[in-house]
Structure formats: C-alpha cells, structure tokens
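Colleague: Before anything else, here's the structure in question.
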Amino acid sequence: MFCRSVPLASAAVPGSVSPQLSFDELGTPLREVTFVVLDLETTGGSANTDSITEIGAVKVRGGEHVGELATLVDPGTGMPPAIVALTGITTAMISGAPRLPAVLPTVLEFLRGSVLVAHNAPFDAGFLRAACERHGLVWPRPPVLCTARLARAVLSSDEAPSVRLGALAQLFGTTTKPTHRALADARATVEVLHRLLERVGNLGVQSLEELLGLARESAPHRPTQAQRKKRVLAAGVPAAPGVYLFRGPRDEVLYVGTSGDLQRRVRSYFTSGERRRRVRDMVALAERVDTVVCAHALEAAVRELRLIAAHQPRYNRRSRRPHRGWWVTPTAEAFPRLSVVTTPREGAMGPFGSRQAAAAALDSVLDVVPLRPCTQRIPARGASASPCALHELGRCAAPCAGLQTPEEYAPAVQALHELIDGRDDTALRTMATQVDELAGRERFEAAARVRDRLAGLIVGLERTQRLATLAALPEVVGARPDGRGGWEIAVLRFGRLAAAGVARRGVAPMPVIDALRLGAQIVLAEPGPLRGAPAEEVRLLHRWLTTGGTRLVHAEPPWAEPANGAARWSDWAERARPVEIAVD
C-alpha cells in the first residue's frame with residue numbers, strides 16, 4: 001500500500017523534558033492546526049462523470065512535515081489522450097493500481113481531524129465528496145482552505161498578476177515545482193501555503209477561523225469611500241510598539257489590536273490591502289483611534305488581552321473572556337469526587353478549552369486513580385445506600401453503602417493531588433503499561449483509545465503544572481535581548497505582568513531593573529491554581545520567559561517545575577499523535 005501509520009503503543013517512557021505544549025485558546029491558533037495539503041489528478045473536470053487517477057497529500061503541522069500519502073488509482077477506464085499529454089499518466093501506469101473504493105477509506109483517515117488544503121480547493125474537495133457519495137461513505141466535511149483564494153486575499157495584483165500554482169511557485173521560489181503530478185503539486189502547494197501564512201500575521205490573522213474567513217472574503221477591491229475618508233484617523237499615530245483601539249460613534253471600543261509599529265499597522269486598515277469584510281465594516285463605524293505605547297511586544301500583548309477583556313469589543317473574536325476555561329477539580333466532601341467547573345479551587349487541573357476536553361481528562365484520571373465516579377453526596381458516617389454495579393465490577397469500594405471510611409478513601413485523594421501537583425507520575429506509568437499490554441495482545445484499537453486518553457491527560461497536566469508553578473511565584477524578573485544591543489525587561493508577580501521597561505544599548509540594565517521592581521504594580525494572590533491570574537496572560541509570560549534567549553534575572557522563591565510532572569511525558573504525548581509515512 002502507499003501509506004502506513006507508525007504504532008505508538010511502545011513509545012518510550014519519558015526521561016527528559018521536551019518543548020512545552022500550547023494552551024487551548026479561544027479560536028484555534030494557526031501553530032496548532034494540522035493541514036492536509038492535497039492534489040488530485042483526474043480523467044476530466046466533472047466530479048459527476050470523471051474519475052480520480054492519482055492522489056497526493058502532505059500533512060503538516062506547525063510548519064513541520066508530519067507525513068505523506070501518494071497512490072495511483074485505477075479509474076476502470078482508459079486515460080484520455082489530453083490527460084496523458086498533461087500529466088504523463090498513461091493507461092499502462094494505472095493498470096494494476098488500487099481502485100478508488102479500496103483507497104478512499106485510507107484517504108479519509110489521513111484527513112481526519114485536519115484542514116483540507118488544495119489549490120483550487122472546490123475542485124479537489126468536490127471530487128472527494130462525490131466519490132464518498134458514489135461509494136457509500138460519509139464525507140467528513142473538513143474545513144477547506146483554498147490557497148488560490150488565500151493568495152488573492154494576501155497578495156496584491158501587482159505582486160501576483162496570476163495565482164496559478166505554477167505562477168506562485170515561481171514567485172516564492174519553491175524547491176518543488178508543479179508538474180501536474182499529484183504528490184509533486186501537493187508538495188509545491190505546501191511551500192506556497194507556508195509562504196502565505198507568513199504574510200497573514202500582518203493582516204491580524206492569528207487563528208484558523210480568521211484564516212478561513214480571510215480566504216472567503218478574498219475578492220479584490222479598491223479602498224472604499226469610507227476607508228478613504230477615515231485615513232485621517234491614522235494621523236499622529238506613533239511609530240512604536242503598543243496597542244491600538246478603534247472607537248465608535250458612542251466612544252465604544254470596536255476593536256483592539258497590537259503591533260510592533262502602531263503607525264504602519266493602523267494605516268494598513270485604510271488601504272486596499274485590508275480585504276476582511278468584518279474589519280472594513282468596523283473601519284466604517286470608527287470615529288477615533290487611541291493608542292497605548294508599550295515598552296516592548298510582551299507588554300503590548302498583555303495590555304491587548306486586558307483591554308479586550310475589559311471592553312469586550314464586538315469586532316474582536318479572540319480573548320474576549322480570558323478567565324473562561326474548564327477545570328477538573330476535586331469537590332470539598334468527606335469522599336471527594338471529580339467535577340468539571342469554570343471556577344477552579346486549589347488542586348484543580350486545567351484550564352481546558354472545552355467542557356468535552358475537561359470531561360475526557362476526568363475520565364482518564366478515574367481510569368487510574370480509585371476515586372468514586374458517582375455524583376451523590378455521601379456523609380462521612382452512617383451512609384446506607386445500596387452499592388451500584390461499579391462496586392460489583394471492582395471499580396468502587398462503595399463508600400455510599402458505608403463499606404469504606406474517609407480514612408480508607410484518603411489514599412486515593414492523596415494520589416490525585418500528587419498526580420496533579422507533579423509529585424508522582426505512577427498513574428501515567430500505569431496507563432502507559434496498559435497501552436503496551438493491549439498492543440502486545442494485538443488489541444490495537446483498545447490500545448489506541450488508551451494511548452489517546454493518556455496523551456490528552458498528559459497535555460492537561462503539563463499545562464496545569466507549567467502555568468501554576470509560574471503563577472505561584474511572588475516575583476520573577478526576566479530580561480531578553482532586543483536585537484539592538486539592549487534589553488527588554490519584565491517584572492512578573494503571581495502570574496501577571498507588574499512592570500515592563502527597556503535598557504537601551506549602552507545603558508546598564510541592573511539599575512533599570514531595580515527601578516522597575518521598586519515601581520512595579522502590587523499584585524495580591526487570590527485563591528485558585530493560578531492565583532487569580534488569567535490563564536492566557538500566564539501562558540504569554542511563560543512563553544516569553546522560556547524562549548527568545550530570555551534570561552532569568554531574579555525569582556523569589558526560585559522557579560522550578562515538578563521533577564515527576566507531566567512535562568517529562570510531553571515527548572511521549574507528542575509521539576502519540578498518529579504519524580503517516582509514505583511507502584513506495
């Protein structure tokens with residue numbers, strides 16, 4: 001066959017910490033999106049009357065190559081001469097190739113959970129959808145992104161008079177050239193996609209939802225009269241890093257954004273380069289643009305989050321509720337159980353981007369920690385209910401029937417706290433052993449289910465421990481090189497940015513740091529795993545401290561993450577994602 005999956009049941013037990021996994025944001029960050037870039041060769045242009053003759057697909061995530069799929073397909077007919085001349089695929093080449101009903105399930109599995117990308121995507125998606133209908137399969141309706149439309153949205157007509165794949169490949173100097181063969185064209189489209197994604201950040205596009213919206217609204221246009229009239233709003237905007245706020249006729253905040261160059265970014269809203277209909281509507285309403293100059297990009301990003309949370313701008317789609325999230329937390333009872341909540345207490349795990357993700361993590365914990373799964377309230381003494389079926393199955397010691405005392409139940413609660421705090425990873429090792437044992441008995445589907453649940457639990461625990469350990473610190477000071485011989489400085493307190501500044505080239509940084517610490521905002525810790533800090537802000541601060549050459553100047557007490565925490569399992573969780581490799 002043309003594709004295989006690498007089994008991950010025997011993934012090595014972790015021994016070192018791998019790069020951090022990202023927080024579930026509102027909207028799907030582009031770095032977390034899996035794209036399957038696909039190209040089809042066919043016998044003609046009609047999905048109803050013509051057939052697929054070759055399939056090529058490349059899976060990418062975070063700019064990295066994940067896997068490939070490629071095969072010829074026997075359409076059951078001879079190849080038209082015009083198609084032979086275009087593609088070089090002859091009737092002799094497809095003779096003996098698999099038929100589409102044998103190929104299609106593997107293609108759909110390759111697409112599962114991904115965004116389908118193609119150049120002229122309606123053509124390719126239309127052929128696959130028609131093939132599913134013809135052969136009795138359910139079309140999964142994946143999100144579809146057309147690189148031709150995206151190119152028209154991102155590139156000006158002067159830069160790209162044509163958005164044909166060959167023209168874009170030449171414009172971007174791709175290493176793979178389109179040849180009208182499926183895999184080669186898919187590989188070339190991957191390079192075009194990545195070059196286009198480099199451009200969309202300048203348009204304020206950071207999530208999958210915004211990217212799909214940009215492609216949908218890609219019809220070329222000239223600046224509207226409303227845009228031209230509003231150019232005066234950009235006058236006086238400084239060329240500095242910071243945050244900008246578009247305000248409406250009642251002085252309400254319509255939109256909040258951030259940029260390393262406020263002047264250039266605000267001016268871009270009044271040009272033909274801005275094609276998003278939603279943003280054009282916002283500009284038409286705007287009466288004023290306010291700006292907040294910041295010391296550096298980190299301060300700008302934090303202030304953007306706080307301003308969006310405070311004003312709830314109608315045209316911002318992301319970060320409008322920074323405290324929103326789902327947590328798995330033990331209840332305050334004689335026999336604690338796990339509950340999914342939005343307001344966490346001490347000992348909670350999260351945050352998760354959805355209730356479903358939190359519930360899945362809860363179920364995974366119950367697989368390895370002997371907490372009761374029922375939801376009834378049980379008194380510490382005198383419980384007399386009838387044991388349920390779980391007691392008969394050995395999954396519960398029936399405290400509801402008085403068969404277990406709070407003292408006998410306490411070790412399970414202790415095991416839960418040690419798992420969440422990162423003091424003991426025995427539960428994770430137990431699940432990993434289950435994966436290996438199931439795979440050894442060739443129960444691969446069951447092994448895959450346990451593997452996926454373990455991977456999700458690792459991600460949730462690692463996020464909890466990573467954010468909570470930083471949020472627990474009364475003060476952390478970091479300094480990052482600014483690229484010009486100076487330093488960008490940040491003072492953090494209980495997971496929040498308390499002060500920001502810069503020490504320009506030639507200025508001694510320590511006096512600047514001392515002054516920032518003296519004048520920093522006083523932050524009082526609140527109850528909860530993040531001490532009251534918004535998870536998005538803690539995530540931003542953690543990323544800034546652990547990337548870009550940032551140096552830890554001061555931490556009181558010393559900043560440390562748990563030695564037996566989920567971070568040492570991150571590599572296991574990363575490798576637990578299905579990986580496809582092309583086979584000749």
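All residue names refer to the structure tokens as shown: chains lettered A, B, ... in order, residues numbered from 1 in each chain, ligands numbered from 1 in order.
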Name the residues in contact with segment 284-296 of chain A at a cut-off of 9 Å, using only C-alpha atoms, excluding same-chain residues fewer than 4 positions from it; report them as a PyMOL selection string.
Modeller: chain A and resi 226-227+229-230+233-234+237-238+240-251+253-254+260+262+266+279-280+300-301+303+482+488-489+500-502
Colleague: I'd like to know which residues of segment 82-314 of chain A are helix (DSSP H, G or I) (by DSSP, run on the backbone); could you write them as an MDAnalysis selection string?
Modeller: chainID A and resid 82:87 91:94 100:111 121:134 147:154 165:172 182:203 208:216 225:234 262:268 277:285 297:311
Colleague: Between segment 441-486 of chain A and segment 530-554 of chain A, at 7 Å or less, what are the per-residue closest atom pairs and their distances in Å? Count only C-alpha atoms, order by chain and rising residue number, and return it as a tab-separated table.
Modeller:
residue	atom	partner	partner_atom	distance
A:Leu467	CA	A:Val538	CA	6.2
A:Ala468	CA	A:Leu530	CA	5.3
A:Ala471	CA	A:Leu530	CA	5.2
A:Ala472	CA	A:Arg531	CA	6.7
A:Val476	CA	A:His554	CA	5.6
A:Val477	CA	A:His554	CA	5.0
A:Gly478	CA	A:Leu552	CA	4.7
A:Ala479	CA	A:Arg551	CA	5.2
A:Arg480	CA	A:Thr550	CA	4.1
A:Pro481	CA	A:Gly549	CA	6.9
Colleague: For those residues, write C-alpha atoms to a file as a PDB file, in the first residue's frame.
Modeller:
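Result saved to again09.pdb:
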ATOM      1  CA  LEU A 467       1.157  27.635  34.489  1.00  0.00           C
ATOM      2  CA  ALA A 468       0.594  27.019  38.197  1.00  0.00           C
ATOM      3  CA  ALA A 471       1.641  31.859  38.909  1.00  0.00           C
ATOM      4  CA  ALA A 472       2.671  30.798  42.422  1.00  0.00           C
ATOM      5  CA  VAL A 476      10.078  36.892  38.693  1.00  0.00           C
ATOM      6  CA  VAL A 477      12.257  39.216  36.641  1.00  0.00           C
ATOM      7  CA  GLY A 478      13.358  38.387  33.113  1.00  0.00           C
ATOM      8  CA  ALA A 479      15.469  40.211  30.527  1.00  0.00           C
ATOM      9  CA  ARG A 480      15.506  39.442  26.811  1.00  0.00           C
ATOM     10  CA  PRO A 481      17.954  40.794  24.199  1.00  0.00           C
TER      11      PRO A 481
END
Colleague: Would you mind reading off the distance between atom CA of Leu100 of chain A and atom CA of Ala131 of chain A, one decimal, in Å?
Modeller: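 Pair atom CA of Leu100 of chain A / atom CA of Ala131 of chain A returns 8.1 Å.
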Colleague: For segment 331-334 of chain A, please output as a list of chain:residue names all residues within 9 Å (counting only C-alpha atoms; exclusion window: fewer than 4 positions along the same chain).
Modeller: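 Within the cut-off, the hits are A:Leu338, A:Ser339, A:Arg345, A:Arg377, A:Ile378, A:Pro379, A:Ala380, A:Pro406, A:Tyr409.
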Colleague: Report the distance between atom CA of Thr174 of chain A and atom CA of Asn120 of chain A in Å, rounded to one decimal place.
Modeller: 18.3 Å
Colleague: Got a sec: who's within 8 Å of segment 359-365 of chain A, counting only C-alpha atoms, leaving out chain neighbours fewer than 5 positions off, as a VMD selection string?
Modeller: chain A and resid 328 338 to 340 453 to 454 456 to 457 460
Colleague: Convert the current residue selection to file output with all heavy atoms, as a PDB file, in the first residue's frame.
Modeller:
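Contents of again-v1.pdb, as written:
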ATOM      1  N   VAL A 328     -10.937  20.577  35.897  1.00  0.00           N
ATOM      2  CA  VAL A 328     -11.304  19.357  36.616  1.00  0.00           C
ATOM      3  C   VAL A 328     -10.825  19.540  38.050  1.00  0.00           C
ATOM      4  O   VAL A 328      -9.627  19.719  38.288  1.00  0.00           O
ATOM      5  CB  VAL A 328     -10.656  18.112  35.991  1.00  0.00           C
ATOM      6  CG1 VAL A 328     -10.983  16.871  36.814  1.00  0.00           C
ATOM      7  CG2 VAL A 328     -11.126  17.934  34.552  1.00  0.00           C
ATOM      8  N   LEU A 338     -14.552  14.016  41.452  1.00  0.00           N
ATOM      9  CA  LEU A 338     -14.093  14.993  40.464  1.00  0.00           C
ATOM     10  C   LEU A 338     -15.282  15.669  39.798  1.00  0.00           C
ATOM     11  O   LEU A 338     -16.300  15.025  39.504  1.00  0.00           O
ATOM     12  CB  LEU A 338     -13.219  14.314  39.404  1.00  0.00           C
ATOM     13  CG  LEU A 338     -11.860  13.811  39.888  1.00  0.00           C
ATOM     14  CD1 LEU A 338     -11.127  13.107  38.759  1.00  0.00           C
ATOM     15  CD2 LEU A 338     -11.017  14.962  40.426  1.00  0.00           C
ATOM     16  N   SER A 339     -15.126  16.950  39.542  1.00  0.00           N
ATOM     17  CA  SER A 339     -16.190  17.724  38.918  1.00  0.00           C
ATOM     18  C   SER A 339     -15.596  18.651  37.871  1.00  0.00           C
ATOM     19  O   SER A 339     -14.461  19.129  38.025  1.00  0.00           O
ATOM     20  CB  SER A 339     -16.936  18.536  39.981  1.00  0.00           C
ATOM     21  OG  SER A 339     -17.955  19.325  39.397  1.00  0.00           O
ATOM     22  N   VAL A 340     -16.339  18.910  36.812  1.00  0.00           N
ATOM     23  CA  VAL A 340     -15.934  19.860  35.775  1.00  0.00           C
ATOM     24  C   VAL A 340     -16.577  21.200  36.081  1.00  0.00           C
ATOM     25  O   VAL A 340     -17.802  21.306  36.167  1.00  0.00           O
ATOM     26  CB  VAL A 340     -16.339  19.366  34.380  1.00  0.00           C
ATOM     27  CG1 VAL A 340     -16.021  20.419  33.319  1.00  0.00           C
ATOM     28  CG2 VAL A 340     -15.629  18.059  34.040  1.00  0.00           C
ATOM     29  N   ARG A 453      -6.190   8.772  25.311  1.00  0.00           N
ATOM     30  CA  ARG A 453      -6.637   9.336  26.584  1.00  0.00           C
ATOM     31  C   ARG A 453      -5.439   9.727  27.446  1.00  0.00           C
ATOM     32  O   ARG A 453      -5.464  10.759  28.117  1.00  0.00           O
ATOM     33  CB  ARG A 453      -7.536   8.331  27.304  1.00  0.00           C
ATOM     34  CG  ARG A 453      -8.858   8.128  26.606  1.00  0.00           C
ATOM     35  CD  ARG A 453      -9.715   7.099  27.299  1.00  0.00           C
ATOM     36  NE  ARG A 453     -10.284   7.625  28.537  1.00  0.00           N
ATOM     37  CZ  ARG A 453     -11.287   7.025  29.179  1.00  0.00           C
ATOM     38  NH1 ARG A 453     -11.801   5.913  28.705  1.00  0.00           N
ATOM     39  NH2 ARG A 453     -11.752   7.541  30.303  1.00  0.00           N
ATOM     40  N   LEU A 454      -4.410   8.908  27.414  1.00  0.00           N
ATOM     41  CA  LEU A 454      -3.205   9.244  28.172  1.00  0.00           C
ATOM     42  C   LEU A 454      -2.551  10.497  27.616  1.00  0.00           C
ATOM     43  O   LEU A 454      -2.123  11.376  28.366  1.00  0.00           O
ATOM     44  CB  LEU A 454      -2.222   8.070  28.146  1.00  0.00           C
ATOM     45  CG  LEU A 454      -0.846   8.326  28.785  1.00  0.00           C
ATOM     46  CD1 LEU A 454      -0.981   8.810  30.218  1.00  0.00           C
ATOM     47  CD2 LEU A 454       0.014   7.069  28.710  1.00  0.00           C
ATOM     48  N   GLY A 456      -3.980  12.986  26.064  1.00  0.00           N
ATOM     49  CA  GLY A 456      -4.765  14.139  26.469  1.00  0.00           C
ATOM     50  C   GLY A 456      -4.574  14.493  27.927  1.00  0.00           C
ATOM     51  O   GLY A 456      -4.509  15.675  28.294  1.00  0.00           O
ATOM     52  N   LEU A 457      -4.456  13.459  28.784  1.00  0.00           N
ATOM     53  CA  LEU A 457      -4.225  13.711  30.205  1.00  0.00           C
ATOM     54  C   LEU A 457      -2.864  14.350  30.430  1.00  0.00           C
ATOM     55  O   LEU A 457      -2.722  15.273  31.244  1.00  0.00           O
ATOM     56  CB  LEU A 457      -4.330  12.397  30.977  1.00  0.00           C
ATOM     57  CG  LEU A 457      -4.091  12.466  32.490  1.00  0.00           C
ATOM     58  CD1 LEU A 457      -5.070  13.424  33.154  1.00  0.00           C
ATOM     59  CD2 LEU A 457      -4.186  11.079  33.110  1.00  0.00           C
ATOM     60  N   GLY A 460      -3.061  18.034  29.550  1.00  0.00           N
ATOM     61  CA  GLY A 460      -3.753  18.804  30.572  1.00  0.00           C
ATOM     62  C   GLY A 460      -2.941  18.982  31.834  1.00  0.00           C
ATOM     63  O   GLY A 460      -2.885  20.075  32.409  1.00  0.00           O
TER      64      GLY A 460
END
Colleague: With only C-alpha atoms as the atoms that count, which of A:Ala397, A:Leu305, A:Ala385, A:Ile89 lies nearest to Leu497 of chain A?
Modeller: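 Closest to Leu497 of chain A, using only C-alpha atoms: A:Leu305.
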Colleague: Give me, please, the distance in Å between atom CA of Pro336 of chain A and atom CA of Leu390 of chain A, quoted to one decimal.
Modeller: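 Atom-to-atom, atom CA of Pro336 of chain A and atom CA of Leu390 of chain A are spaced 16.9 Å apart.
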Colleague: Just checking: using only C-alpha atoms, which residue out of A:Pro178, A:Gly422, A:Gly236, A:Gly528 ends up closest to Thr342 of chain A?
Modeller: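 Closest residue, counting only C-alpha atoms: A:Gly528.
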Colleague: Restrict the calculation to only C-alpha atoms, then for each residue of segment 99-138 of chain A with any atom at most 12 Å from an atom of segment 149-158 of chain A give the closest atom pair and their distance in Å to one decimal, rows by chain and rising residue number, as JSON lines.
Modeller:
{"residue": "A:Val117", "atom": "CA", "partner": "A:Leu150", "partner_atom": "CA", "distance": 10.5}
{"residue": "A:Ala118", "atom": "CA", "partner": "A:Arg149", "partner_atom": "CA", "distance": 10.2}
{"residue": "A:His119", "atom": "CA", "partner": "A:Arg149", "partner_atom": "CA", "distance": 8.3}
{"residue": "A:Asn120", "atom": "CA", "partner": "A:Arg149", "partner_atom": "CA", "distance": 7.7}
{"residue": "A:Ala121", "atom": "CA", "partner": "A:Arg149", "partner_atom": "CA", "distance": 9.0}
{"residue": "A:Pro122", "atom": "CA", "partner": "A:Arg149", "partner_atom": "CA", "distance": 10.6}
Colleague: My list of candidates is A:Thr53, A:Gln263, A:Thr271, A:Gln170. Which is closest to Ala182 of chain A when distances are computed with only C-alpha atoms?
Modeller: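 Using only C-alpha atoms, Ala182 of chain A sits closest to A:Thr53.
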Colleague: So that I can check the surroundings of Val115 of chain A, please list as a list of chain:residue names every protein, DNA and RNA residue that reaches within 8 Å of it, counting only C-alpha atoms and ignoring chain neighbours fewer than 5 positions away.
Modeller: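 With the cut-off at 8 Å, the set is A:Val33, A:Thr34, A:Phe35, A:Val36, A:Pro142, A:Pro143, A:Val144, A:Leu145.
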Colleague: Leaving out Pro344 of chain A and any residue of its chain fewer than 6 positions from it, which residues lie within 9 Å of it when counting only C-alpha atoms, given as number ranges by chain?
Modeller: A: 326-329, 350-351, 527-529
